[in-house]
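Peer 1: Shown below is the structure under consideration.
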Amino acid sequence: MTFFLLAAMIAGCGEVSLIPNIPSNGLAKTPPMGWNSWYSFGGTINEDTVRSIADAIVSSGMRDAGYSYINIDDTWEGTRDAQGNIHPNQRFPDMKGLADYIHSKGLKFGIYSSPGPETCAGFVGSYGHEEQDAITYAAWGVDYLKYDWCSAKDVYSGRASPAAYAKMATALQSTGRPIIYSLCNYGEDYVTAWGSKVGSNLWRTTSDIQDSWEKMISNIEAQASDANSAGPGHWNDPDMLQVGRGGMTQAEYRTHMSLWAMASAPLLAGNDIRVMSSETSSILLNSEVIAVDQDRLGTQATRIRNGDIERWLKPLADGSVAVAYVNLGSTPAQVEVSIQDLHLANAVTTARDLWAHTSLPLGGDGFSRLVPSHDVLMLKLGPS
Ligand code: GLA
């Protein structure tokens, strides 16, 4: 399917050379984990807040759980000087100092720009200054760039987007600094077919997520058929985690976290982690679920739907499998866990419940469990 679409896109534009082939930067062997400023702070993010978030990511245990990137999204940009060098605005008086602070905590530092002249929030983009900006980011100590299409639509056709994204990939690699490269074009122009060819480590597969059950489910469903595009170093990105922002129930946030882990999605928290409730941290810090996301095999789960129950299945590097049963319905549903139905390559004798943190021996063909509305049963099945 994906190959067909790519071929159609190439045929449609008549120029095979529009799909470049940039070598991998060797980064993000497992999906990136960290935090991003956009959903909690938007255009008010500033240096002091980012420093306090870095403090909180350490004190909350999130850094040690694997959340290592502190990413500033849109609205940090100021103006270019006479030489064309980009400067941050007054909310970020010392970008290098901020990066040094973040690094001193054992964390990494991410930033944001656009291949167009303006970012989505109307700030200065990198159009015509790609190499210069990459050099500036590297000098500041940037470790991660989110590159958001926005006004690039005014200066490039959709067909030219692979080349526009490849330009920044080459610029970043030329700096010699390891910088994770995150594309954001909302899943358009068949990006799942070419994202990994333009030197990127992840690409958004959808429009912006919202802190709602419907949009969260719709984002993950949208990339379910693109499992083949994901793998170590190159990931489908259904957008940031909304866990703890208040728009969903705890059951829905558990499902959100589970599905992102099953899909090998980046785990970028979007909440204000300085004021997390214990319920929120118990979801974001579930090490057994994080381990599924970070499994080194890097396979995106495949999905089957049966009525209101959706089953996601993900093979893991140790020969076991993770399986998540989501109740999409509005009433509790009985889930039948049938080992035979899973058609597994390896024998399994134990089911580990990754939210209850309990193990049970498997007798017969499996067991059944009542799953509340919008909740999830997430298991790891393997030898004991
Ligand atoms: C777009 C992106 C968002 C965010 C905003 C910033 O909407 O998809 O993730 O970066 O721009 O303006």
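Naming works like this for the structure tokens: A, B, ... for the chains as they're shown, residue 1 at the start of each chain, ligands 1 onward in shown order.
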Using only C-alpha atoms and all ligand atoms, which residues have at least one atom no more than 9 Å from ligand 1? Output them as a ChimeraX atom specification.

Peer 2: /A:38-39,42-43,73-75,112-113,119-123,146-150,184-186,204,206-209,239-240

Peer 1: Which residues come within 10 Å of segment 356-363 of chain A, counting only C-alpha atoms, excluding same-chain residues fewer than 2 positions away, as a list in words?

Peer 2: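 Within the cut-off, the hits are Asn286, Glu288, Ile339, Val348, Thr349, Thr350, Ala351, Arg352, Asp353, Leu354, Asp365, Gly366, Phe367, Leu377, Met378, Leu379, Lys380, Leu381, Gly382, Pro383 and Ser384 of chain A.
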
Peer 1: Mind writing the picked residues with C-alpha atoms as a PDB file, in the first residue's frame?

Peer 2:
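Everything below was put into out.pdb:
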```pdb
ATOM      1  CA  ASN A 286       5.130   2.655  34.507  1.00  0.00           C
ATOM      2  CA  GLU A 288       6.891  -2.190  32.404  1.00  0.00           C
ATOM      3  CA  ILE A 339      -3.373 -17.875  23.288  1.00  0.00           C
ATOM      4  CA  VAL A 348       3.997 -18.949  26.473  1.00  0.00           C
ATOM      5  CA  THR A 349       3.420 -20.036  30.026  1.00  0.00           C
ATOM      6  CA  THR A 350       2.981 -16.744  31.892  1.00  0.00           C
ATOM      7  CA  ALA A 351       0.896 -13.613  31.465  1.00  0.00           C
ATOM      8  CA  ARG A 352       2.230 -10.505  33.132  1.00  0.00           C
ATOM      9  CA  ASP A 353      -0.360  -7.750  33.649  1.00  0.00           C
ATOM     10  CA  LEU A 354       1.643  -4.564  32.956  1.00  0.00           C
ATOM     11  CA  ASP A 365      -5.939 -21.698  26.377  1.00  0.00           C
ATOM     12  CA  GLY A 366      -6.083 -18.477  28.381  1.00  0.00           C
ATOM     13  CA  PHE A 367      -8.508 -16.565  30.571  1.00  0.00           C
ATOM     14  CA  LEU A 377      -5.715  -4.885  29.543  1.00  0.00           C
ATOM     15  CA  MET A 378      -2.028  -4.857  28.650  1.00  0.00           C
ATOM     16  CA  LEU A 379      -0.113  -8.106  28.988  1.00  0.00           C
ATOM     17  CA  LYS A 380       3.334  -9.460  28.326  1.00  0.00           C
ATOM     18  CA  LEU A 381       3.112 -13.120  27.351  1.00  0.00           C
ATOM     19  CA  GLY A 382       6.183 -15.285  27.496  1.00  0.00           C
ATOM     20  CA  PRO A 383       8.032 -18.029  29.258  1.00  0.00           C
ATOM     21  CA  SER A 384       7.964 -17.544  33.046  1.00  0.00           C
TER      22      SER A 384
END
```

Peer 1: If we count only C-alpha atoms, what is near Gln83 of chain A at a cut-off of 12 Å, once residues fewer than 6 positions away on the same chain are taken out, given as a list in words?

Peer 2: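 Near Gln83 of chain A, the qualifying residues are His129, Gln132 and Asp133 of chain A.
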
Peer 1: Just want the 9 Å neighbourhood of Val50 of chain A, counted on only C-alpha atoms, with same-chain residues fewer than 4 positions away dropped. Output as a list in words.

Peer 2: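 That gives Ser37, Ile45, Asn46, Ala54, Asp55, Ile70, Asn71, Ile72, Leu98 and Ile102 of chain A.
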
Peer 1: Restricting the output to N, CA, C and O atoms, write the selected residues as an mmCIF file, in the first residue's frame.

Peer 2:
```
data_model
loop_
_atom_site.group_PDB
_atom_site.id
_atom_site.type_symbol
_atom_site.label_atom_id
_atom_site.label_comp_id
_atom_site.auth_asym_id
_atom_site.auth_seq_id
_atom_site.Cartn_x
_atom_site.Cartn_y
_atom_site.Cartn_z
ATOM 1 N N SER A 37 7.243 21.501 25.210
ATOM 2 C CA SER A 37 6.596 22.663 25.847
ATOM 3 C C SER A 37 5.212 23.002 25.298
ATOM 4 O O SER A 37 4.446 23.713 25.950
ATOM 5 N N ILE A 45 6.064 29.930 26.839
ATOM 6 C CA ILE A 45 7.237 29.209 27.362
ATOM 7 C C ILE A 45 8.435 30.165 27.474
ATOM 8 O O ILE A 45 8.648 31.016 26.622
ATOM 9 N N ASN A 46 9.191 30.015 28.554
ATOM 10 C CA ASN A 46 10.377 30.866 28.731
ATOM 11 C C ASN A 46 11.485 30.073 29.422
ATOM 12 O O ASN A 46 11.277 28.927 29.848
ATOM 13 N N ALA A 54 13.154 21.025 33.753
ATOM 14 C CA ALA A 54 14.332 20.138 33.811
ATOM 15 C C ALA A 54 14.544 19.644 35.249
ATOM 16 O O ALA A 54 14.813 18.452 35.481
ATOM 17 N N ASP A 55 14.378 20.551 36.213
ATOM 18 C CA ASP A 55 14.507 20.142 37.626
ATOM 19 C C ASP A 55 13.467 19.064 37.960
ATOM 20 O O ASP A 55 13.767 18.065 38.610
ATOM 21 N N ILE A 70 14.438 17.512 26.711
ATOM 22 C CA ILE A 70 13.624 18.668 27.104
ATOM 23 C C ILE A 70 13.520 19.524 25.847
ATOM 24 O O ILE A 70 14.508 20.154 25.429
ATOM 25 N N ASN A 71 12.344 19.534 25.232
ATOM 26 C CA ASN A 71 12.198 20.160 23.914
ATOM 27 C C ASN A 71 11.350 21.432 23.974
ATOM 28 O O ASN A 71 10.194 21.392 24.386
ATOM 29 N N ILE A 72 11.949 22.526 23.514
ATOM 30 C CA ILE A 72 11.191 23.771 23.362
ATOM 31 C C ILE A 72 10.524 23.727 21.995
ATOM 32 O O ILE A 72 11.193 23.514 20.985
ATOM 33 N N LEU A 98 21.133 27.873 28.783
ATOM 34 C CA LEU A 98 20.014 26.963 29.067
ATOM 35 C C LEU A 98 20.387 25.529 28.673
ATOM 36 O O LEU A 98 20.142 24.575 29.435
ATOM 37 N N ILE A 102 20.628 22.223 31.101
ATOM 38 C CA ILE A 102 19.919 20.968 30.814
ATOM 39 C C ILE A 102 20.914 19.807 30.745
ATOM 40 O O ILE A 102 20.702 18.737 31.326
#
```

Peer 1: So which residues touch Gly176 of chain A within 12 Å, counting only C-alpha atoms, skipping near sequence neighbours fewer than 4 positions away, as a ChimeraX atom specification?

Peer 2: /A:25,134-135,137-139,141-143,169-172

Peer 1: Only C-alpha atoms, please: the residues just picked out, written as a PDB file, in the first residue's frame.

Peer 2:
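again-v9.pdb written:
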```pdb
ATOM      1  CA  ASN A  25      22.258   9.627  11.392  1.00  0.00           C
ATOM      2  CA  ALA A 134      21.957  24.052  11.895  1.00  0.00           C
ATOM      3  CA  ILE A 135      25.360  25.515  12.783  1.00  0.00           C
ATOM      4  CA  TYR A 137      21.787  24.983  16.938  1.00  0.00           C
ATOM      5  CA  ALA A 138      24.927  22.853  17.176  1.00  0.00           C
ATOM      6  CA  ALA A 139      26.826  25.759  18.766  1.00  0.00           C
ATOM      7  CA  GLY A 141      24.206  22.433  22.168  1.00  0.00           C
ATOM      8  CA  VAL A 142      20.938  21.340  20.578  1.00  0.00           C
ATOM      9  CA  ASP A 143      20.352  17.556  20.509  1.00  0.00           C
ATOM     10  CA  ALA A 169      18.946  16.635   7.466  1.00  0.00           C
ATOM     11  CA  THR A 170      22.137  17.225   5.522  1.00  0.00           C
ATOM     12  CA  ALA A 171      22.726  20.546   7.277  1.00  0.00           C
ATOM     13  CA  LEU A 172      22.340  18.915  10.711  1.00  0.00           C
TER      14      LEU A 172
END
```

Peer 1: As a ChimeraX atom specification, which residues of segment 137-195 of chain A does DSSP assign to strand (DSSP E)?

Peer 2: /A:144-148,180-184

Peer 1: Now that the selection is made, can you save its residues with N, CA and C atoms as a short mmCIF file (atom, residue, chain, number, x, y, z; two decimals), in the first residue's frame?

Peer 2:
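Below you can see again.cif, which holds the result:
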```
data_model
loop_
_atom_site.label_atom_id
_atom_site.label_comp_id
_atom_site.auth_asym_id
_atom_site.auth_seq_id
_atom_site.Cartn_x
_atom_site.Cartn_y
_atom_site.Cartn_z
N TYR A 144 18.18 17.88 19.41
CA TYR A 144 16.91 17.39 18.83
C TYR A 144 16.27 18.56 18.12
N LEU A 145 15.87 18.38 16.87
CA LEU A 145 15.15 19.43 16.14
C LEU A 145 13.82 18.91 15.63
N LYS A 146 12.74 19.60 15.99
CA LYS A 146 11.42 19.34 15.37
C LYS A 146 11.25 20.36 14.26
N TYR A 147 10.97 19.88 13.05
CA TYR A 147 10.97 20.75 11.87
C TYR A 147 9.58 20.70 11.26
N ASP A 148 8.83 21.79 11.40
CA ASP A 148 7.37 21.82 11.23
C ASP A 148 7.01 22.55 9.93
N ILE A 180 18.86 14.52 16.88
CA ILE A 180 17.66 13.79 16.43
C ILE A 180 16.83 14.72 15.56
N TYR A 181 16.32 14.18 14.46
CA TYR A 181 15.61 15.01 13.48
C TYR A 181 14.17 14.53 13.38
N SER A 182 13.23 15.40 13.78
CA SER A 182 11.81 15.07 13.89
C SER A 182 11.02 15.88 12.87
N LEU A 183 10.42 15.19 11.89
CA LEU A 183 9.62 15.89 10.87
C LEU A 183 8.19 16.07 11.36
N CYS A 184 7.62 17.20 10.98
CA CYS A 184 6.22 17.44 11.31
C CYS A 184 5.53 17.99 10.07
#
```

Peer 1: Neighbours of Ala227 of chain A within 7 Å (only C-alpha atoms; same-chain residues fewer than 4 positions away dropped), as a PyMOL selection string?

Peer 2: chain A and resi 300-302

Peer 1: List as number ranges by chain the protein and nucleic acid residues near Ala324 of chain A, meaning an atom at most 9 Å away when only C-alpha atoms are counted, but skip any in the same chain fewer than 5 places from it.

Peer 2: A: 255, 258-259, 262, 310-314, 376-380

Peer 1: Since we have the selection now, will you write its residues out, keeping all heavy atoms, as a short mmCIF file (atom, residue, chain, number, x, y, z; two decimals), in the first residue's frame?

Peer 2:
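That gives us part_29.cif:
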```
data_model
loop_
_atom_site.label_atom_id
_atom_site.label_comp_id
_atom_site.auth_asym_id
_atom_site.auth_seq_id
_atom_site.Cartn_x
_atom_site.Cartn_y
_atom_site.Cartn_z
N THR A 255 -4.92 3.87 28.67
CA THR A 255 -5.03 3.35 27.30
C THR A 255 -4.11 4.13 26.36
O THR A 255 -3.41 3.55 25.52
CB THR A 255 -6.50 3.43 26.83
OG1 THR A 255 -7.29 2.65 27.73
CG2 THR A 255 -6.67 2.93 25.42
N SER A 258 -0.57 3.06 26.91
CA SER A 258 -0.41 1.68 26.43
C SER A 258 -0.29 1.66 24.91
O SER A 258 0.58 0.97 24.35
CB SER A 258 -1.60 0.82 26.83
OG SER A 258 -1.80 0.83 28.21
N LEU A 259 -1.18 2.40 24.24
CA LEU A 259 -1.18 2.37 22.77
C LEU A 259 0.06 3.00 22.20
O LEU A 259 0.61 2.54 21.19
CB LEU A 259 -2.45 3.04 22.23
CG LEU A 259 -3.73 2.24 22.47
CD1 LEU A 259 -4.95 3.02 21.98
CD2 LEU A 259 -3.65 0.88 21.76
N MET A 262 2.68 0.37 22.55
CA MET A 262 2.46 -0.72 21.58
C MET A 262 2.89 -0.28 20.18
O MET A 262 3.41 -1.07 19.41
CB MET A 262 0.99 -1.14 21.56
CG MET A 262 0.49 -1.76 22.84
SD MET A 262 1.36 -3.25 23.35
CE MET A 262 0.80 -4.42 22.11
N GLU A 310 -10.49 -3.87 20.64
CA GLU A 310 -9.39 -3.78 19.69
C GLU A 310 -8.19 -4.46 20.32
O GLU A 310 -7.87 -4.20 21.48
CB GLU A 310 -9.10 -2.30 19.44
CG GLU A 310 -8.31 -2.05 18.21
CD GLU A 310 -8.32 -0.56 17.89
OE1 GLU A 310 -7.71 0.20 18.65
OE2 GLU A 310 -8.94 -0.19 16.91
N ARG A 311 -7.53 -5.31 19.54
CA ARG A 311 -6.37 -6.03 20.08
C ARG A 311 -5.12 -5.61 19.32
O ARG A 311 -5.08 -5.66 18.09
CB ARG A 311 -6.57 -7.53 19.92
CG ARG A 311 -5.52 -8.35 20.63
CD ARG A 311 -5.59 -9.79 20.19
NE ARG A 311 -4.94 -9.96 18.90
CZ ARG A 311 -5.15 -10.99 18.09
NH1 ARG A 311 -6.02 -11.92 18.41
NH2 ARG A 311 -4.51 -11.09 16.94
N TRP A 312 -4.12 -5.17 20.06
CA TRP A 312 -2.83 -4.80 19.46
C TRP A 312 -1.80 -5.82 19.91
O TRP A 312 -1.73 -6.17 21.09
CB TRP A 312 -2.41 -3.41 19.92
CG TRP A 312 -3.33 -2.30 19.48
CD1 TRP A 312 -4.56 -2.01 19.96
CD2 TRP A 312 -3.07 -1.32 18.47
NE1 TRP A 312 -5.10 -0.91 19.32
CE2 TRP A 312 -4.19 -0.47 18.40
CE3 TRP A 312 -1.99 -1.07 17.61
CZ2 TRP A 312 -4.28 0.62 17.51
CZ3 TRP A 312 -2.07 0.01 16.74
CH2 TRP A 312 -3.20 0.84 16.69
N LEU A 313 -0.95 -6.27 18.98
CA LEU A 313 0.03 -7.32 19.27
C LEU A 313 1.41 -6.88 18.81
O LEU A 313 1.59 -6.46 17.67
CB LEU A 313 -0.38 -8.60 18.53
CG LEU A 313 0.44 -9.85 18.79
CD1 LEU A 313 0.19 -10.38 20.20
CD2 LEU A 313 0.10 -10.93 17.76
N LYS A 314 2.38 -6.98 19.72
CA LYS A 314 3.74 -6.49 19.41
C LYS A 314 4.78 -7.53 19.82
O LYS A 314 4.93 -7.81 21.01
CB LYS A 314 3.97 -5.18 20.16
CG LYS A 314 5.39 -4.63 20.03
CD LYS A 314 5.51 -3.26 20.73
CE LYS A 314 6.92 -2.71 20.58
NZ LYS A 314 7.05 -1.33 21.05
N VAL A 376 -7.89 -0.57 29.36
CA VAL A 376 -7.03 -1.46 28.60
C VAL A 376 -6.57 -2.61 29.49
O VAL A 376 -6.37 -2.42 30.70
CB VAL A 376 -5.81 -0.67 28.06
CG1 VAL A 376 -4.97 -0.09 29.19
CG2 VAL A 376 -4.95 -1.49 27.13
N LEU A 377 -6.41 -3.77 28.90
CA LEU A 377 -5.71 -4.88 29.54
C LEU A 377 -4.43 -5.06 28.74
O LEU A 377 -4.48 -5.38 27.56
CB LEU A 377 -6.57 -6.16 29.48
CG LEU A 377 -5.89 -7.45 29.96
CD1 LEU A 377 -5.55 -7.37 31.45
CD2 LEU A 377 -6.80 -8.65 29.69
N MET A 378 -3.30 -4.78 29.37
CA MET A 378 -2.03 -4.86 28.65
C MET A 378 -1.18 -5.94 29.29
O MET A 378 -0.87 -5.88 30.48
CB MET A 378 -1.31 -3.51 28.68
CG MET A 378 -0.04 -3.48 27.84
SD MET A 378 0.57 -1.80 27.68
CE MET A 378 2.10 -2.08 26.80
N LEU A 379 -0.81 -6.92 28.48
CA LEU A 379 -0.11 -8.11 28.99
C LEU A 379 1.22 -8.29 28.27
O LEU A 379 1.37 -7.91 27.12
CB LEU A 379 -0.96 -9.35 28.73
CG LEU A 379 -2.38 -9.37 29.28
CD1 LEU A 379 -3.15 -10.56 28.69
CD2 LEU A 379 -2.36 -9.46 30.81
N LYS A 380 2.15 -8.92 28.98
CA LYS A 380 3.33 -9.46 28.33
C LYS A 380 3.24 -10.97 28.47
O LYS A 380 3.09 -11.49 29.59
CB LYS A 380 4.61 -8.92 28.98
CG LYS A 380 5.87 -9.40 28.31
CD LYS A 380 7.12 -8.78 28.91
CE LYS A 380 8.35 -9.38 28.24
NZ LYS A 380 9.60 -8.88 28.83
#
```

Peer 1: Rounded to one decimal in Å, what is the spacing between atom CA of Pro23 of chain A and atom CA of Tyr165 of chain A?

Peer 2: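 Calculated distance between atom CA of Pro23 of chain A and atom CA of Tyr165 of chain A is 13.3 Å.
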
Peer 1: Please determine, counting only C-alpha atoms, which residue among A:Ser59, A:Pro115, A:Ser282, A:Trp76 has the shortest atom-to-atom distance to Ala160 of chain A.

Peer 2: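 For Ala160 of chain A, the nearest of the given residues is A:Pro115.
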
Peer 1: Using backbone DSSP assignments, extract all helix (DSSP H, G or I) residues from segment 5-126 of chain A; output them as a ChimeraX atom specification.

Peer 2: /A:5-13,16-18,38-44,47-59,62-65,95-104

Peer 1: Write the selection just made, keeping C-alpha atoms, as a PDB file, in the first residue's frame?

Peer 2:
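Listed below is the output, result.pdb:
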```pdb
ATOM      1  CA  LEU A   5       1.329   5.476  -2.823  1.00  0.00           C
ATOM      2  CA  LEU A   6       4.970   6.442  -3.021  1.00  0.00           C
ATOM      3  CA  ALA A   7       5.162   5.140  -6.576  1.00  0.00           C
ATOM      4  CA  ALA A   8       2.017   7.086  -7.435  1.00  0.00           C
ATOM      5  CA  MET A   9       3.466  10.206  -5.901  1.00  0.00           C
ATOM      6  CA  ILE A  10       6.674   9.797  -7.856  1.00  0.00           C
ATOM      7  CA  ALA A  11       4.800   9.005 -11.057  1.00  0.00           C
ATOM      8  CA  GLY A  12       2.521  11.972 -10.467  1.00  0.00           C
ATOM      9  CA  CYS A  13       5.370  14.415 -10.243  1.00  0.00           C
ATOM     10  CA  VAL A  16      12.147  10.321  -9.086  1.00  0.00           C
ATOM     11  CA  SER A  17      14.971  12.568  -7.892  1.00  0.00           C
ATOM     12  CA  LEU A  18      12.501  14.380  -5.605  1.00  0.00           C
ATOM     13  CA  TRP A  38       3.754  23.115  23.341  1.00  0.00           C
ATOM     14  CA  TYR A  39       0.656  21.659  24.955  1.00  0.00           C
ATOM     15  CA  SER A  40       1.130  23.089  28.435  1.00  0.00           C
ATOM     16  CA  PHE A  41       2.775  26.414  27.622  1.00  0.00           C
ATOM     17  CA  GLY A  42       2.290  27.339  23.935  1.00  0.00           C
ATOM     18  CA  GLY A  43       3.505  30.884  23.343  1.00  0.00           C
ATOM     19  CA  THR A  44       4.298  31.608  27.005  1.00  0.00           C
ATOM     20  CA  GLU A  47      13.825  29.998  30.025  1.00  0.00           C
ATOM     21  CA  ASP A  48      12.889  29.908  33.721  1.00  0.00           C
ATOM     22  CA  THR A  49      10.019  27.522  33.041  1.00  0.00           C
ATOM     23  CA  VAL A  50      12.219  25.232  30.970  1.00  0.00           C
ATOM     24  CA  ARG A  51      14.806  25.171  33.780  1.00  0.00           C
ATOM     25  CA  SER A  52      12.141  24.284  36.335  1.00  0.00           C
ATOM     26  CA  ILE A  53      10.800  21.551  34.057  1.00  0.00           C
ATOM     27  CA  ALA A  54      14.332  20.138  33.811  1.00  0.00           C
ATOM     28  CA  ASP A  55      14.507  20.142  37.626  1.00  0.00           C
ATOM     29  CA  ALA A  56      11.123  18.385  37.853  1.00  0.00           C
ATOM     30  CA  ILE A  57      11.966  15.752  35.286  1.00  0.00           C
ATOM     31  CA  VAL A  58      14.862  14.754  37.534  1.00  0.00           C
ATOM     32  CA  SER A  59      13.069  14.992  40.905  1.00  0.00           C
ATOM     33  CA  MET A  62      11.182  10.730  34.876  1.00  0.00           C
ATOM     34  CA  ARG A  63      14.776  11.203  33.735  1.00  0.00           C
ATOM     35  CA  ASP A  64      15.764   7.907  35.307  1.00  0.00           C
ATOM     36  CA  ALA A  65      12.759   6.244  33.664  1.00  0.00           C
ATOM     37  CA  MET A  95      20.103  29.661  24.826  1.00  0.00           C
ATOM     38  CA  LYS A  96      23.618  28.260  25.294  1.00  0.00           C
ATOM     39  CA  GLY A  97      23.367  28.740  29.063  1.00  0.00           C
ATOM     40  CA  LEU A  98      20.014  26.963  29.067  1.00  0.00           C
ATOM     41  CA  ALA A  99      21.415  24.056  27.055  1.00  0.00           C
ATOM     42  CA  ASP A 100      24.385  23.832  29.444  1.00  0.00           C
ATOM     43  CA  TYR A 101      21.995  23.728  32.411  1.00  0.00           C
ATOM     44  CA  ILE A 102      19.919  20.968  30.814  1.00  0.00           C
ATOM     45  CA  HIS A 103      23.042  18.989  29.968  1.00  0.00           C
ATOM     46  CA  SER A 104      24.370  19.419  33.528  1.00  0.00           C
TER      47      SER A 104
END
```

Peer 1: Choose the residue, out of A:Pro372, A:Pro93, A:Gly307, A:Gly106, that has the smallest atom-to-atom separation from Thr249 of chain A; count only C-alpha atoms.

Peer 2: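 Among A:Pro372, A:Pro93, A:Gly307, A:Gly106, it is A:Pro372 that comes nearest to Thr249 of chain A.
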
Peer 1: Restricting the calculation to only C-alpha atoms: of A:Gly329, A:Gly244, A:Gly298, A:Gly34, which residue gets closest to Asn228 of chain A?

Peer 2: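 Checking each of A:Gly329, A:Gly244, A:Gly298, A:Gly34 against Asn228 of chain A, counting only C-alpha atoms, the winner is A:Gly298.
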